[in-house]
Structure formats: structure tokens, C-alpha cells
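Undergrad: This is the structure I want to talk about, given as C-alpha cells.
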Amino acid sequence: MNSADDFRSGQSLSREPSRQGMKFMVERNHINVLRREVLRRVAESFLHDADFGKSVERIPFVMRPKNTKPSRCCIYKDRAILRFRVMAALGFRLEDEEDDSTPLSVYAEKALEREQPSAPILTVCDTACQGCIPARYYVTDACQNCIAHPCIGSCHFGAIQHIKGRSYIDPEKCRNCGMCHDACPYQAIVRLSVPCEDACPVKAIHKGENGRAEIDITKCISCGRCMRACPFGTVIERSEIVDVLSAMKAGKHLTAMMAPAIVGQFPGNLKRVVEALRELGFSEVLEVASGADVTTKREAAEFVERMKHGERFMTTSCCPGYVEAVRLHLPEMAPFVSSTSTPMHYCAEIAKERFPGTTTVFIGPCVAKRREALYDPIVDYVLTFEEVGALLEAKNIDVSSCAEHSLGDGASGDGRGYAISGGVAAAVKKAVGNDVEVTPLYVNGLSLAGLRKLKSYATKDCPGNLVEVMACEGGCVGGAGVIGDKIKVTKAVESFAKSGM
């Protein structure tokens, strides 16, 4: 029985909400299902149970009841991992735990007392880590013992030998260049990967002394790509679900700020999503695309000024993962990054001006936005689309059945296009007009090679003068907190941006 089967078998033992909301979720893998289920159950415990702490404490046992076939070595390890997942869903960093005998009810009470979220954004459940073998190239049994030995000839480091009728790669000498892989006519050489390490564009995740994953918070840019890549769900984001629910329960005025990438994440059109968010407990709903329109105007003016002063190029600044990468890893690029604030910030400005005293909640696809919000005094909380989906399920809200609600002040199609790669540069170029020549350049997803290329732009030549950088491939639609298929969502965003609604 696989993990999804295990978790479904546990569902029948507890109160079950409508599953209508599940139809908008893309079942990419069982870890996604498991993660959403934990979030939903924590939200249900808050919303429907008088004793929040006691209800939360039961979640690992409800999800892995007695006599359930475990997905790990035993049901006790399954429950231990679920306990850690619940802790992260309550907003806690697992590495800070001092006593593993502390009941989840204690963490639930602390979550209710918490005044604001804190960094770091990502946390690691080392109990869930498989302890993958180091990434390397390896000669498989498909080796044909050919006479040509092109693998040996291709290696410039003397790392390959012919031993007992087959090639062998010495890991101490191998530089992981992949030349032997490309040279082998039988494709007998494969690369053994470590998914989380491969996904990280800044080498912030590595194996610790115990062979399990660790995140170096001095390097991490909070992009969340390791979280999405790990097939064991080892990396978890610290949720702010309880913080937002507590604010709702306290009767605070909450403004939901919807990122443009929300189009296509849920069933029905955006007007139905607005109504669903209001039913969820938000007092007002704004499009972050309105903030993007402010960013476009100001960034265009900044670009024109920089070019007239003879600067070589300017990069966009709306991606928090990229901005953090510059701060931590690319100081050479810092002078070229736009000083204009992000659409989230300007949308929060609009919210605070329009609704004095409101609590602002950014709703988007981006895990790194959590870190940006920690240092922006007018953005109070951040929820991902995944978390909002879990909340909608917990409250039995079917978006497709909701009435349509007005979007309010219409944002431009250019602002809505910020969600996809190329959209920011296109909007700025349009706003610049004929004032100066704009030669856009796109970095569609950060990588080690991409960071090196950016460094070369800063220290040598840049083939463009407006560089748009997105940490996630495809743009915001490829963020770590999405629930919709990237290709379908991209098409939905493009269509919506052109609709003029």
C-alpha cells in the first residue's frame, strides 16, 4: 500500500468535510497530498474543535491508525514524521525542538500565543530524510566492455579505470563534469542525483554529520525548490495558517491580496475566487496586480533615469528569491537591481490606505514572499495557494459553486502578466515607451549556471539593458506554493490578462 492509500485509510476514522475542493488540486505526487492533508486537519482542528490542542495531538494517530500498513519501516516512524509535519503546520522550526516528548498540544497553545511569524522560512524533518547517496556518476551493468573505452578517453581527470571487464569511476577523482556520460555509446553511465541538492540554485542544502539533509540558513534564499523536489517530504515550510485563523477569530479586518498567479489555481473564474475568500473570512479582497501597476510605473521611471545616467543595465526587483540571492551570493549585481518595491508592497500600501487598521494577507505561489513580508511592516501574513486550498476544504467551500463577486478597481492586463516569465519586462518596456531603447533579457529560473551568468553581466558585458530575473522556472506560476498545473495556469493567466476584465 502506498502512502496515499495509507493516508486515505485514516481519513475514514475522523470527521470528513466535502471533497469537492479536492478537484482543483493537481495530484502530482503523494507527498503533495500528504502535506495538504496535514494543513487541512490543522485548520479543521482550529475551526471545528473546542479543544484545539487535544484535536491537533490526535492528527498523527488519525492519519496512521492502528493496523494501517506503514509507508516507512513502521507505523511509529510514520507517526513521528506526521508529528513533525504538524509542528511545521503550526508554524514551528523543527531544528529548535529541545524535547521530543513535548506534546503537540503545547505547540498548539504556543501557536495561538504567537504575535508574528519568524525566520527561517524552511525547516527540515531529518527523520523523514532518506539519507540519499552522494550525487555522482556511476557505471551501470549496461557497460559492454567495449574496446574503444570512450569513457576513459573523455575524462580529463583520470577518474575512470577498466577493472574486471568494466569501467569504474573513482569518486575521489571525479569532478562530475558528465563527459563520460556523454561519450558512452551504450548510455551505461548514469548520474545518481540528490533531488533537493540538485534543485537548490545556491547550494544551501547539504548532508549533515548524520548523513541527513540540513539547510544552511546563511545561504538559503527561501525559494522552496528543495521542498518541492524532495520525494520524501523532508523539507517543510513553516505555515502561517494558525496566525491567519487566529486573526479571523479575533474579529480583525483582514484584506486578502491575491497574486496574479491565482488565476487557474482554483475552479471557476476569479470573481468566484473572490467570493470564496470572503466566505473564508476575509473582509476585503484586492488584486496584487494593482500593486504591480505601481511597480511598473516606478520601475519604468527608474529605468529611464538610470539609462540616461549611463548605467549599463538594470534588473527587476519583484522576485524575492532573486533579490535574496543577490544579497547573499551576488554582491556584484546589487548596484544593478531596481530599488523599486514589489507589487506585494504596493498592494499592501493600497490596502492600508483604503482600509485603515486592516491586517494584510498576501496570497500567492511564493514561499520566499514569507521572508520578504518579515521585513515589510505593512505586510502581516503570507499564505500560499496550497494553504488557501486547505482552508477552503476545511470550511467546505467549493469555489465553483460560489457566486461571483466584483473584482473592484480593475488592474491592468500588464500587471496581471507579472505572474509569467517575461511579463514584468514586457510591462516595463511598454511603460518606458520611446523615452529610451529597451533591450530585455530574461533569466527564467535561477540555477548555479544562471548565477554565474549574472555575475558575468555585472563584471563584464550584458547583452541587454533590462534584465528580468525569476527564481522559479516559468515565473510565479512555477512557485513552490502552487496547486495548479504550470502550463495550464500560464495559459489561464495569459488569457485573463488579455481579457480586460
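Residue numbers start at 1 in each chain; chains themselves are named A, B, ... in the order of the C-alpha cells; ligands are numbered from 1 in the order shown.
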When you look at range 403-417 of chain A with a cut-off of 10 Å (counting only C-alpha atoms), what residues show up, excluding the ones that are within fewer than 2 positions of it in the same chain? I need them as a ChimeraX atom specification.
TA: /A:259-263,268-276,278,284-296,343,399-401,419-428,430-431,490,493-501
Undergrad: Would you pick out the contacts of Asn210 in chain A at 12 Å or less, using only C-alpha atoms, so that residues sharing its chain but fewer than 5 positions from it are not included, and give the list as a PyMOL selection string?
TA: chain A and resi 126-127+129-132
Undergrad: Measuring atom to atom with only C-alpha atoms, identify which of A:Glu279, A:Glu302, A:Glu95, A:Asp435 is nearest to Asp398 in chain A.
TA: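 So, comparing all the options, the nearest one is A:Glu279.
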Undergrad: Hey, could you make a per-residue contact list for range 202-313 of chain A against range 109-115 of chain A with 10 Å as the cut-off, showing the nearest pair of atoms and its distance in Å to one decimal, counting only C-alpha atoms, sorted by chain and number, as a tab-separated table?
TA:
residue	atom	partner	partner_atom	distance
A:Glu240	CA	A:Ala111	CA	9.4
A:Ile241	CA	A:Ala111	CA	10.0
A:Val242	CA	A:Ala111	CA	6.9
A:Asp243	CA	A:Leu112	CA	7.2
A:Leu245	CA	A:Leu112	CA	9.5
A:Ser246	CA	A:Leu112	CA	6.9
A:Ala247	CA	A:Leu112	CA	9.9
Undergrad: Looking only at strand (DSSP E) from DSSP on the backbone, list the matching residues of range 132-271 of chain A as a PyMOL selection string.
TA: chain A and resi 136-139+160-163+166-169+189-192+205-207+213-215+235-237+254-258
Undergrad: Could you give me, as a ChimeraX atom specification, the residues within 7 Å of Glu237 in chain A, counting only C-alpha atoms and dropping anything in the same chain fewer than 5 positions from it?
TA: /A:88,121-123
Undergrad: Mind listing the alpha helix (DSSP H) residues of range 256-345 of chain A, per DSSP on the backbone, as a PyMOL selection string?
TA: chain A and resi 270-280+288-308+320-329+343-345
Undergrad: When you draw a straight line from CA of Cys462 in chain A to CA of Leu328 in chain A, how long is it in Å?
TA: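 For CA of Cys462 in chain A relative to CA of Leu328 in chain A, the distance reads 21.3 Å.
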Undergrad: Can you pull out every residue within 8 Å of Ser239 in chain A, counting only C-alpha atoms, but drop anything in the same chain fewer than 3 positions away, and send it as number ranges by chain?
TA: A: 88-91, 242, 383, 387
Undergrad: Create the file for the chosen residues now, containing N, CA and C atoms and written as an mmCIF file, in the first residue's frame.
TA:
data_model
loop_
_atom_site.group_PDB
_atom_site.id
_atom_site.type_symbol
_atom_site.label_atom_id
_atom_site.label_comp_id
_atom_site.auth_asym_id
_atom_site.auth_seq_id
_atom_site.Cartn_x
_atom_site.Cartn_y
_atom_site.Cartn_z
ATOM 1 N N ALA A 88 5.346 21.898 11.969
ATOM 2 C CA ALA A 88 5.633 22.897 10.933
ATOM 3 C C ALA A 88 4.353 23.593 10.486
ATOM 4 N N ALA A 89 3.258 22.834 10.396
ATOM 5 C CA ALA A 89 1.970 23.424 10.020
ATOM 6 C C ALA A 89 1.500 24.419 11.073
ATOM 7 N N LEU A 90 1.922 24.209 12.312
ATOM 8 C CA LEU A 90 1.607 25.145 13.395
ATOM 9 C C LEU A 90 2.556 26.340 13.399
ATOM 10 N N GLY A 91 3.588 26.270 12.547
ATOM 11 C CA GLY A 91 4.483 27.403 12.393
ATOM 12 C C GLY A 91 5.824 27.299 13.083
ATOM 13 N N VAL A 242 -2.413 29.096 11.206
ATOM 14 C CA VAL A 242 -2.973 29.354 12.538
ATOM 15 C C VAL A 242 -2.983 30.849 12.842
ATOM 16 N N LEU A 383 0.109 33.541 2.863
ATOM 17 C CA LEU A 383 -0.420 32.192 2.659
ATOM 18 C C LEU A 383 -0.140 31.783 1.217
ATOM 19 N N GLU A 387 -2.027 26.461 0.918
ATOM 20 C CA GLU A 387 -2.629 26.671 2.238
ATOM 21 C C GLU A 387 -4.061 27.168 2.119
#
Undergrad: Looking at only C-alpha atoms, which of A:Ser193, A:Asn444, A:Thr342, A:Thr218 is the one that sits closest to Ala325 in chain A?
TA: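 Ranking A:Ser193, A:Asn444, A:Thr342, A:Thr218 by distance to Ala325 in chain A, first place goes to A:Thr218.
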Undergrad: When distances are computed from only C-alpha atoms, which of A:Asp182, A:Glu393, A:Glu437, A:Glu353 shows the smallest separation from Ala300 in chain A?
TA: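 Looking only at the distances to Ala300 in chain A, the closest residue turns out to be A:Glu437.
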Undergrad: Considering only C-alpha atoms, can you say which of A:Arg298, A:Arg370, A:Arg225, A:Arg306 comes closest to Thr340 in chain A?
TA: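 Of all the options, A:Arg298 lies closest to Thr340 in chain A.
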Undergrad: Give me, as a PDB file with C-alpha atoms, in the first residue's frame, all polymer residues having an atom no more than 9 Å from Leu82 in chain A, counting only C-alpha atoms and skipping those fewer than 6 positions away in the same chain.
TA:
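Final file, around39.pdb:
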ATOM      1  CA  VAL A  38      -1.886  17.876   7.387  1.00  0.00           C
ATOM      2  CA  ILE A  59      -3.728  14.049  13.970  1.00  0.00           C
ATOM      3  CA  PRO A  60      -0.766  11.614  13.602  1.00  0.00           C
ATOM      4  CA  PHE A  61      -2.871   8.800  15.083  1.00  0.00           C
ATOM      5  CA  MET A  63      -3.816   9.666   9.794  1.00  0.00           C
ATOM      6  CA  ARG A  64      -1.953   6.465  10.731  1.00  0.00           C
TER       7      ARG A  64
END
Undergrad: With distances taken over only C-alpha atoms, which residue among A:Cys74, A:Ala471, A:Cys184, A:Val124 lies nearest Cys155 in chain A?
TA: A:Cys184
Undergrad: Counting only C-alpha atoms, figure out which residue out of A:Pro171, A:Gly251, A:Pro195, A:Gly389 gets nearest to Ile363 in chain A.
TA: A:Gly389
